[in-house]
Amino acid sequence: MKVLLQCQQINIRAGNRELINQLQWRIEPQQCWGILGPNGCGKTSLLHSMAGLREVEDGEILIQQKPINSFSRRELAQLIGLLFQHSSYDFPTRVEELVMSGRFAQQKLLAGITTEDRRQVHTAMQNFKIAQLANRAANTLSGGEMQRVAMAILHTQSPRIALLDEPENHLDPGIMFKLLQLLTDFFSTDNRSCIMVLHDPSVAVRLCSHLLLLFGDGRYIQGRTMDIAIPENLSELYAHPMHAVTIDDGLLFYPG
Amino acid sequence: MKQPLLILLIAVCIASALLLSVSYGSVSIPFPAIVELLFNPDETTWSRILWELRLPRALFAFIIGGLLALAGVLMQALLRNPLADPYILGTSGGAAAAMLVAFLLAVPAQLHAFMALAGATFSTLILLSFTGLRQGLQQQQLLLSGIILTTGWGALITFLLTAAPTAQIPGMLFWLIGDLGESSSLLLPAATLAIGLVAALLLAKPLDMLLLGDLQAASLGVSVKSLRFVMLGVAVTVTAIAVTAAGPIGFVGLVTPHLVRFVTGASHRRLIPASVMLGGVLMMAADLMSRTIIAPRQMPVGVFTAMIGVPIFLFLMKRAQR
């Protein structure tokens with residue numbers, strides 16, 4: 001199977017602390033990875049490094065076998081997209097125009113907006129239930145609305161690899177699964193793949209085919225979700241006893 | 001607001017500001033006479049006042065206002081902060097101090113623009129050496145550094161004024177508060193405005209995206225570092241030329257884009273041209289006031305931009321807090 005993204009011997013540090021040590025990681029098309037770990041274990045730093053927004057301390061990140069810094073920002077944006085932990089916007093730009101910014105990497109600098117651009121924006125806004133916000137000023141949105149706008153931007157960007165940093169932020173439980181499912185369905189088909197940082201192992205088990213656990217002291221384990229998501233691993237990960245229950249075929253984890 | 005309506009509104013604003021500013025002054029010319037003289041210039045005093053004094057002056061005010069508003073829009077996008085402008089960040093101050101040095105050293109007038117540009121660039125480089133062009137720029141740190149720089153330039157300006165020969169002081173003071181009376185050539189400011197406007201419009205799309213934050217813009221494909229570099233270059237040059245021509249005039253760059261955003265939203269494709277136009281209108285209005293309120297004497301126009309700008313700015317701040 002062709003590898004989309006590859007981390008070779010990556011180290012990530014915060015000051016003197018070694019957060020991630022010698023990470024070897026391959027992401028193949030149609031995989032959906034969940035990253036779990038305690039606060040401050042380097043999850044966000046890892047995502048930012050994979051998006052080319054942060055230099056790694058050691059090692060190399062390859063996208064389709066080529067080093068990440070051999071791509072221009074524009075090329076990179078066509079391959080990798082990132083949903084940030086927090087999105088804020090202090091200016092009164094219309095939501096529809098903001099969603100259009102996802103198309104930037106596909107557009108020529110001076111070209112006008114094409115029918116295809118409009119179609120993509122329309123679809124994304126329908127999917128993420130923000131069509132009614134089209135004419136709202138972006139600085140008046142609530143946290144949850146802004147999160148959905150950010151998701152629509154990512155959907156419009158339509159990269160090969162989607163990196164989601166705590167995508168469940170600000171979303172109420174009624175709509176969270178629906179929206180995350182939309183993202184994972186879209187990004188785990190064809191030649192795409194999806195990587196998300198999550199706090200809740202139950203969400204990870206439900207959405208992800210694979211898991212990467214970061215212990216925050218350099219150690220990590222990775223593999224298929226069914227092999228990794230066991231109470232022993234999670235208890236060690238969070239340094240707190242975690243229990244599992246099965247309800248209606250779903251696996252739920254809760255702290256003891 | 002729909003585009004044709006917006007263009008109509010701006011055209012009406014420009015036309016009325018222009019008509020008022022060519023009509024009133026130490027000598028008033030009635031509107032019908034202006035319309036008549038615009039199409040049929042003759043050798044009367046009114047005609048000469050209109051064509052040789054008032055129209056060039058109004059045009060000059062418009063161009064300076066446009067330059068300042070353009071610099072304001074760019075700085076605000078650059079800092080992702082609606083309260084930024086070249087006056088606050090020390091860019092104008094650096095240019096002004098360099099200009100005073102030029103006055104004192106009797107540098108030829110043709111070189112003044114280069115002196116101002118050098119001063120503005122130097123000030124900006126100091127600012128950036130503290131805050132950097134890096135991703136994840138600290139907004140508050142940049143704003144605060146700018147304010148400190150402005151204070152520093154203010155001290156240097158006071159020093160230069162105190163050290164200057166007594167005969168030169170009134171002229172320097174007048175220029176420092178912002179003065180449209182000594183209008184020299186229109187060519188350089190006009191050309192700078194045209195080039196700056198085109199450059200800014202070409203960058204309108206990535207500028208919009210910069211408002212999402214450096215990291216988000218970069219992840220969507222914007223080369224943030226080079227965009228910031230180019231944009232700063234344009235903002236600094238535009239500021240320096242405005243300062244050379246009319247002195248450091250405050251608040252137009254700060255207030256204009258705010259007012260325009262209420263109508264056009266924040267999209268730079270509309271914000272940039274509309275701000276340039278409205279900046280021009282506001283400056284014509286301020287110039288009209290500076291020429292008429294204690295006519296036949298004139299006041300520096302900077303007094304009026306501050307007197308109009310400060311209350312508007314405070315009002316906007318209060319609104320933003322709510």
# chains A, B, ... in the order shown; residues from 1 in each chain; ligands from 1

$ select_by_dssp --residues "range 91-239 of chain A" --states "helix (DSSP H, G or I)" --output "NGL selection string"
:A and (95-106 or 115-127 or 131-133 or 138-140 or 143-157 or 173-187 or 201-207 or 225-228 or 231-238)

$ write_last_selection --atoms "C-alpha atoms" --output "tab-separated table (two decimals), in the first residue's frame"
chain	number	residue	atom	x	y	z
A	95	VAL	CA	-19.08	33.62	6.63
A	96	GLU	CA	-19.51	32.59	3.01
A	97	GLU	CA	-16.40	34.57	2.00
A	98	LEU	CA	-14.49	33.04	4.87
A	99	VAL	CA	-15.37	29.50	3.77
A	100	MET	CA	-14.19	30.47	0.29
A	101	SER	CA	-10.66	30.89	1.70
A	102	GLY	CA	-10.42	27.08	1.69
A	103	ARG	CA	-10.22	27.32	-2.10
A	104	PHE	CA	-7.16	29.58	-2.05
A	105	ALA	CA	-4.59	26.90	-2.88
A	106	GLN	CA	-6.62	25.83	-5.92
A	115	THR	CA	-18.55	28.02	-10.53
A	116	GLU	CA	-16.59	25.11	-9.07
A	117	ASP	CA	-15.47	27.31	-6.15
A	118	ARG	CA	-19.08	28.28	-5.43
A	119	ARG	CA	-20.26	24.70	-5.71
A	120	GLN	CA	-17.63	23.47	-3.23
A	121	VAL	CA	-18.40	26.25	-0.76
A	122	HIS	CA	-22.13	25.59	-1.06
A	123	THR	CA	-21.68	21.85	-0.44
A	124	ALA	CA	-19.43	22.41	2.56
A	125	MET	CA	-21.82	24.90	4.11
A	126	GLN	CA	-24.75	22.53	3.62
A	127	ASN	CA	-22.79	19.61	5.08
A	131	ALA	CA	-25.89	27.60	5.19
A	132	GLN	CA	-28.10	29.87	7.30
A	133	LEU	CA	-24.98	31.72	8.54
A	138	ALA	CA	-17.59	36.07	11.25
A	139	ASN	CA	-16.74	38.06	14.40
A	140	THR	CA	-20.27	37.56	15.72
A	143	GLY	CA	-17.50	29.08	19.48
A	144	GLY	CA	-19.49	26.14	18.10
A	145	GLU	CA	-20.52	28.06	14.99
A	146	MET	CA	-16.93	29.11	14.37
A	147	GLN	CA	-15.81	25.49	14.76
A	148	ARG	CA	-18.28	24.44	12.08
A	149	VAL	CA	-17.07	27.26	9.83
A	150	ALA	CA	-13.50	26.02	10.32
A	151	MET	CA	-14.62	22.49	9.39
A	152	ALA	CA	-16.33	23.83	6.28
A	153	ILE	CA	-13.12	25.65	5.32
A	154	LEU	CA	-11.18	22.38	5.67
A	155	HIS	CA	-13.78	20.50	3.62
A	156	THR	CA	-13.57	23.19	0.92
A	157	GLN	CA	-9.77	22.96	0.99
A	173	PRO	CA	-22.99	16.18	21.82
A	174	GLY	CA	-26.10	16.24	19.62
A	175	ILE	CA	-24.18	17.33	16.58
A	176	MET	CA	-20.60	16.34	17.42
A	177	PHE	CA	-20.68	12.78	16.10
A	178	LYS	CA	-22.57	13.75	13.02
A	179	LEU	CA	-20.00	16.39	12.07
A	180	LEU	CA	-16.98	14.27	12.97
A	181	GLN	CA	-18.45	11.37	11.04
A	182	LEU	CA	-18.83	13.67	8.04
A	183	LEU	CA	-15.17	14.62	8.23
A	184	THR	CA	-13.90	11.09	8.75
A	185	ASP	CA	-16.13	9.69	5.99
A	186	PHE	CA	-14.85	12.31	3.58
A	187	PHE	CA	-11.22	11.96	4.56
A	201	PRO	CA	-11.00	7.48	24.01
A	202	SER	CA	-14.63	6.48	23.46
A	203	VAL	CA	-14.88	8.94	20.57
A	204	ALA	CA	-11.57	7.67	19.19
A	205	VAL	CA	-12.72	4.05	19.30
A	206	ARG	CA	-15.90	4.93	17.47
A	207	LEU	CA	-14.28	6.93	14.67
A	225	THR	CA	-7.71	0.50	17.27
A	226	MET	CA	-8.94	-2.92	18.44
A	227	ASP	CA	-5.41	-3.88	19.50
A	228	ILE	CA	-4.49	-0.62	21.16
A	231	PRO	CA	-7.95	-0.50	29.51
A	232	GLU	CA	-4.35	-1.40	30.42
A	233	ASN	CA	-2.89	0.88	27.76
A	234	LEU	CA	-5.26	3.74	28.49
A	235	SER	CA	-4.74	3.48	32.24
A	236	GLU	CA	-1.02	3.80	31.73
A	237	LEU	CA	-1.50	6.60	29.20
A	238	TYR	CA	-3.55	8.79	31.51

$ select_by_dssp --residues "range 6-252 of chain A" --states "strand (DSSP E)" --output "PyMOL selection string"
chain A and resi 6-14+17-27+32-36+58-63+66-67+80-83+161-165+193-197+210-214+220-224+242-247+250-252

$ closest_residue --among "A:Ala111, A:Arg73, A:Leu164, A:Asp90" --to "Arg80 in chain B" --atoms "only C-alpha atoms"
A:Asp90

$ interface_residues --of "chain B" --to "chain A" --cutoff "10 Å" --atoms "only C-alpha atoms" --output "PyMOL selection string"
chain B and resi 77+80-82+135+201-206+208-209+211-224+261-262+264-268

$ write_last_selection --atoms "N, CA and C atoms" --output "short mmCIF file (atom, residue, chain, number, x, y, z; two decimals), in the first residue's frame"
data_model
loop_
_atom_site.label_atom_id
_atom_site.label_comp_id
_atom_site.auth_asym_id
_atom_site.auth_seq_id
_atom_site.Cartn_x
_atom_site.Cartn_y
_atom_site.Cartn_z
N ALA B 77 -4.39 44.75 8.77
CA ALA B 77 -4.37 43.35 8.33
C ALA B 77 -3.09 42.68 8.80
N ARG B 80 -3.40 42.02 12.36
CA ARG B 80 -4.65 41.38 12.73
C ARG B 80 -5.27 42.13 13.89
N ASN B 81 -5.13 43.45 13.83
CA ASN B 81 -5.62 44.26 14.94
C ASN B 81 -6.28 45.50 14.36
N PRO B 82 -7.58 45.66 14.60
CA PRO B 82 -8.29 46.79 14.00
C PRO B 82 -7.86 48.14 14.58
N GLN B 135 6.03 33.62 12.36
CA GLN B 135 4.66 33.16 12.52
C GLN B 135 4.27 33.26 13.98
N LEU B 201 -4.46 45.76 -3.95
CA LEU B 201 -5.59 45.04 -4.52
C LEU B 201 -5.18 43.67 -5.04
N LEU B 202 -3.94 43.59 -5.58
CA LEU B 202 -3.45 42.29 -6.05
C LEU B 202 -3.32 41.31 -4.89
N LEU B 203 -3.05 41.86 -3.69
CA LEU B 203 -2.86 41.00 -2.52
C LEU B 203 -4.14 40.84 -1.70
N ALA B 204 -5.27 41.35 -2.24
CA ALA B 204 -6.50 41.39 -1.43
C ALA B 204 -6.89 40.00 -0.90
N LYS B 205 -6.78 38.99 -1.76
CA LYS B 205 -7.24 37.65 -1.35
C LYS B 205 -6.38 37.10 -0.20
N PRO B 206 -5.04 37.03 -0.37
CA PRO B 206 -4.23 36.57 0.77
C PRO B 206 -4.35 37.46 2.02
N ASP B 208 -7.07 38.90 3.09
CA ASP B 208 -8.27 38.41 3.78
C ASP B 208 -7.92 37.20 4.63
N MET B 209 -7.10 36.32 4.06
CA MET B 209 -6.82 35.08 4.76
C MET B 209 -5.90 35.28 5.95
N LEU B 211 -6.22 37.43 8.07
CA LEU B 211 -7.05 37.76 9.23
C LEU B 211 -7.41 36.51 10.04
N LEU B 212 -7.25 35.32 9.43
CA LEU B 212 -7.50 34.06 10.14
C LEU B 212 -6.36 33.73 11.09
N GLY B 213 -5.28 34.45 10.99
CA GLY B 213 -4.10 34.14 11.79
C GLY B 213 -3.02 33.57 10.88
N ASP B 214 -1.76 33.78 11.26
CA ASP B 214 -0.64 33.36 10.42
C ASP B 214 -0.64 31.86 10.14
N LEU B 215 -0.87 31.07 11.20
CA LEU B 215 -0.76 29.63 11.03
C LEU B 215 -1.87 29.11 10.13
N GLN B 216 -3.08 29.58 10.39
CA GLN B 216 -4.20 29.11 9.57
C GLN B 216 -4.01 29.54 8.11
N ALA B 217 -3.59 30.80 7.92
CA ALA B 217 -3.37 31.28 6.55
C ALA B 217 -2.31 30.43 5.86
N ALA B 218 -1.22 30.13 6.58
CA ALA B 218 -0.15 29.32 6.00
C ALA B 218 -0.67 27.93 5.65
N SER B 219 -1.50 27.35 6.53
CA SER B 219 -1.97 26.00 6.26
C SER B 219 -2.95 25.98 5.09
N LEU B 220 -3.48 27.15 4.74
CA LEU B 220 -4.37 27.21 3.57
C LEU B 220 -3.62 27.59 2.30
N GLY B 221 -2.29 27.79 2.42
CA GLY B 221 -1.49 27.98 1.21
C GLY B 221 -0.90 29.37 1.02
N VAL B 222 -1.05 30.26 2.00
CA VAL B 222 -0.49 31.61 1.87
C VAL B 222 0.98 31.60 2.31
N SER B 223 1.86 32.21 1.51
CA SER B 223 3.25 32.36 1.93
C SER B 223 3.31 33.57 2.85
N VAL B 224 3.04 33.32 4.12
CA VAL B 224 2.80 34.40 5.06
C VAL B 224 3.99 35.35 5.16
N ARG B 261 -15.59 49.43 7.14
CA ARG B 261 -15.99 48.05 7.43
C ARG B 261 -17.45 47.94 7.82
N PHE B 262 -17.99 48.99 8.45
CA PHE B 262 -19.41 48.94 8.80
C PHE B 262 -20.26 48.74 7.56
N THR B 264 -18.90 47.87 4.16
CA THR B 264 -18.47 46.88 3.17
C THR B 264 -18.14 45.53 3.78
N GLY B 265 -18.03 45.43 5.10
CA GLY B 265 -17.47 44.21 5.68
C GLY B 265 -15.96 44.26 5.56
N ALA B 266 -15.29 43.15 5.92
CA ALA B 266 -13.83 43.20 6.02
C ALA B 266 -13.10 42.73 4.77
N SER B 267 -13.84 42.31 3.75
CA SER B 267 -13.18 41.78 2.55
C SER B 267 -12.34 42.87 1.88
N HIS B 268 -11.04 42.59 1.72
CA HIS B 268 -10.12 43.62 1.25
C HIS B 268 -10.39 44.08 -0.18
#

$ residues_around --residues "Ser209 in chain A" --least-positions-apart "6" --cutoff "9 Å" --atoms "only C-alpha atoms" --output "PDB file with C-alpha atoms, in the first residue's frame"
ATOM      1  CA  GLN A  31      -6.774   5.190   7.373  1.00  0.00           C
ATOM      2  CA  CYS A  32      -8.259   7.264  10.124  1.00  0.00           C
ATOM      3  CA  TRP A  33      -5.844   7.779  12.989  1.00  0.00           C
ATOM      4  CA  GLY A  34      -6.651   8.971  16.472  1.00  0.00           C
ATOM      5  CA  GLY A 223      -1.576   0.068  15.886  1.00  0.00           C
ATOM      6  CA  ARG A 224      -5.085  -0.904  14.957  1.00  0.00           C
ATOM      7  CA  THR A 225      -7.714   0.500  17.273  1.00  0.00           C
ATOM      8  CA  MET A 226      -8.943  -2.919  18.442  1.00  0.00           C
TER       9      MET A 226
END

$ atom_distance --atom1 "CA of Ile61 in chain A" --atom2 "CA of His199 in chain A"
24.7 Å

$ atom_distance --atom1 "CA of Gln30 in chain A" --atom2 "CA of Thr189 in chain A"
5.1 Å

$ atom_distance --atom1 "CA of Val22 in chain B" --atom2 "CA of Asp42 in chain B"
16.2 Å

$ residues_around --residues "Met289 in chain B" --least-positions-apart "4" --cutoff "10 Å" --atoms "only C-alpha atoms" --output "ChimeraX atom specification"
/B:21,24-25,283-285,293-295,298-301,303-305

$ write_last_selection --atoms "N, CA and C atoms" --output "compact mmCIF listing (two decimals), in the first residue's frame"
# COMPACT_ATOMS: atom_id res chain seq x y z
N SER B 21 -15.34 71.93 -0.59
CA SER B 21 -14.00 72.42 -0.30
C SER B 21 -13.50 73.40 -1.35
N TYR B 24 -15.80 76.94 -0.28
CA TYR B 24 -15.56 77.73 0.92
C TYR B 24 -14.08 77.97 1.16
N GLY B 25 -13.78 79.09 1.81
CA GLY B 25 -12.42 79.46 2.12
C GLY B 25 -12.46 80.92 2.54
N MET B 283 -10.20 63.66 4.54
CA MET B 283 -9.12 64.63 4.56
C MET B 283 -9.54 65.94 3.91
N MET B 284 -10.35 65.85 2.85
CA MET B 284 -10.86 67.08 2.24
C MET B 284 -11.72 67.83 3.25
N ALA B 285 -12.53 67.09 4.01
CA ALA B 285 -13.41 67.72 4.99
C ALA B 285 -12.57 68.38 6.09
N ILE B 293 -12.35 77.74 9.65
CA ILE B 293 -12.82 78.03 11.00
C ILE B 293 -12.24 79.33 11.55
N ILE B 294 -10.96 79.60 11.33
CA ILE B 294 -10.44 80.90 11.76
C ILE B 294 -9.92 81.68 10.55
N ALA B 295 -10.66 81.57 9.40
CA ALA B 295 -10.25 82.25 8.17
C ALA B 295 -10.13 83.75 8.43
N GLN B 298 -5.07 79.95 8.68
CA GLN B 298 -5.27 78.51 8.51
C GLN B 298 -4.70 77.77 9.70
N MET B 299 -5.31 76.64 9.98
CA MET B 299 -4.78 75.78 11.03
C MET B 299 -4.17 74.55 10.38
N PRO B 300 -3.22 73.89 11.07
CA PRO B 300 -2.72 72.62 10.51
C PRO B 300 -3.85 71.60 10.49
N VAL B 301 -3.94 70.85 9.42
CA VAL B 301 -5.07 69.94 9.24
C VAL B 301 -5.05 68.82 10.27
N VAL B 303 -4.75 69.00 13.35
CA VAL B 303 -5.57 69.36 14.50
C VAL B 303 -6.98 68.82 14.30
N PHE B 304 -7.50 68.95 13.07
CA PHE B 304 -8.88 68.55 12.83
C PHE B 304 -9.04 67.05 12.66
N THR B 305 -8.03 66.40 12.03
CA THR B 305 -8.17 64.94 11.93
C THR B 305 -8.18 64.34 13.33
